[in-house]
Amino acid sequence: MKSTKKNFEEQLNRLQEIIDILDNSDTPLEEMMKVYEEGIELTKILKDYLNKAELKVIEIGKGLENQIEEPILI
Amino acid sequence: MKENTILTVSELTGTIKRVLENEFGDITVKGEISNLINHSSGHRYFTLKDDGAQIQCTLWKSRPVNFVLTNGMKAIVRGALSVYPPRGNYQIDVTRVTPEGQGDFYLAFEALKAKLSEAGYFDHDRKKALPEIVLSIGIITSPTGAVIQDMKTTINRRFPAATIYFRPAKVQGDDASADISSAIREMQKLPLDVIIVGRGGGSIEDLWPFNTEEVAKAIYSSKIPIVSAVGHETDTTIADFVADLRAPTPTAAAELVTTNTLADYNNYFSDLSRRMMDSMTSRIEAGKDDIFSFLNSYSVRKFINKIRQNQQFVDELDSSLQTTASRNIKSLNQNLSRIEAHLLSLNPDNPLKKGFAIVRNESGAIIGNNYQLKNTDKIVIQRYKQKVLSQILDNQYLG
């Protein structure tokens, strides 16, 4: 299972990759259109995740740290 | 005891031991520490003295003190009076030592600071940087009082997508150091981006747990970056020196770990969307010829719709930002209108109006320049408002 952070970071990295593909003048138009759509979709997903999330506060009892499960993104 | 009874030394000493230990029991004595010996076994020996007298003291390894003992420090010693028969002396078996006054706390503080500095605890090159993306925040502080509440409020205001792992801890009193340091160790197992360790303001005694070697070691050993936030801006503790980052107050720590606020992320996403759209725009500008052959296709129409939809997305982002972004959106809209006008101007009907024609085969596909038409080939010539089925009578290669 991927951690929230890893997921989030990977998606941000993918966005950066997409920007690079779009900036490259050698990219065929059809591929540009494909990654462009992916990029816009990814931006929406990330933006929705952050804007809809509410602050989670998990209280840890002494010595109970093993019981915690991490919330998963998307 | 009878006058003429002859005792052995051991018998006498045994009696003295019984009398003294029973008579005095637990005692609390104040005086100045001198002749301090930190034995390699971990036990500590010193003399407690004042102007008129002195007494030996032993502090066993198993009884950690919360500060570094130094010669000349005035201290309050608690323990039991005991007699050590092999040497015929009496001494205090110390259970607890505390500095006697403000000045002595200062002395203890300086002593530990010097020791840890020497050991490399404060070295800048071992300090961990705060990660760029902070989603999970560990907090170690008191469950009561305003501090935890203020931190939650601050984090919620700046970056509500965060997750806080809160470990309530004792932050003053004798066992606070032990609780804080085990909390730091426990948190190492959690998926945290940063840990805040702190408490609100208080007297030097209240803040003392953050001036102990035990807490310093726990912070030093942490793999997760630690932000210290102890007391008010003017309070400086050993924990502040060891921590990767020092915040003047707990609320400031909450701000520090939310460097990237939700608004910053939204700005970033707006910026990325804009860049993606800009790339497409400039590519369309640069690739008019490519576009021409695409124009009639389904995918291009779909794409134009996409751009329109994206405009709506950017509008949404804009309203969530409620800031200067609106200016950028306006220029985006202008860009979009320009692309749209441009695409419309590239409608293949326009050249047809000027008298150009498109040559297709019988099934309607455009015949490219790389195909050489032969005599008797059937073609459909598409003119402006007219289609003509024709057959090649003669052809001539002009290449």
# chains A, B, ... in the order shown; residues from 1 in each chain; ligands from 1
call {"tool": "closest_atom_pairs", "arguments": {"of": "chain B", "to": "chain A", "cutoff": "6 Å", "atoms": "only C-alpha atoms", "output": "Markdown table"}}
result
| residue | atom | partner | partner_atom | distance |
| --- | --- | --- | --- | --- |
| B:Asn156 | CA | A:Leu55 | CA | 5.9 |
| B:Pro160 | CA | A:Leu55 | CA | 4.6 |
| B:Ala161 | CA | A:Ala53 | CA | 4.8 |
| B:Ala162 | CA | A:Leu55 | CA | 5.6 |
| B:Thr163 | CA | A:Lys56 | CA | 4.7 |
| B:Ile164 | CA | A:Val57 | CA | 4.6 |
| B:Tyr165 | CA | A:Ile58 | CA | 4.8 |
| B:Phe166 | CA | A:Glu59 | CA | 4.7 |
| B:Arg167 | CA | A:Ile60 | CA | 4.9 |
| B:Ser279 | CA | A:Leu22 | CA | 5.8 |
call {"tool": "residues_around", "arguments": {"residues": "Phe105 (chain B)", "least_positions_apart": "3", "cutoff": "10 Å", "atoms": "only C-alpha atoms", "output": "list of chain:residue names"}}
result
B:Phe67, B:Val68, B:Met73, B:Lys74, B:Ala75, B:Thr98, B:Pro99, B:Glu100, B:Gly101, B:Gln102, B:Ala108, B:Phe109, B:Glu110, B:Ala111, B:Ile204, B:Glu205, B:Trp208, B:Asn211
call {"tool": "residues_around", "arguments": {"residues": "region 131-140 of chain B", "least_positions_apart": "3", "cutoff": "9 Å", "atoms": "only C-alpha atoms", "output": "ChimeraX atom specification"}}
result
/A:4-5,8-9 /B:128,143,148,151,159,161-169,180,183-184,187,190-199,225,257-260
call {"tool": "atom_distance", "arguments": {"atom1": "CA of Ser10 (chain B)", "atom2": "CA of Gln91 (chain B)"}}
result
17.5 Å
call {"tool": "atom_distance", "arguments": {"atom1": "CA of Ile6 (chain B)", "atom2": "CA of Leu81 (chain B)"}}
result
26.7 Å
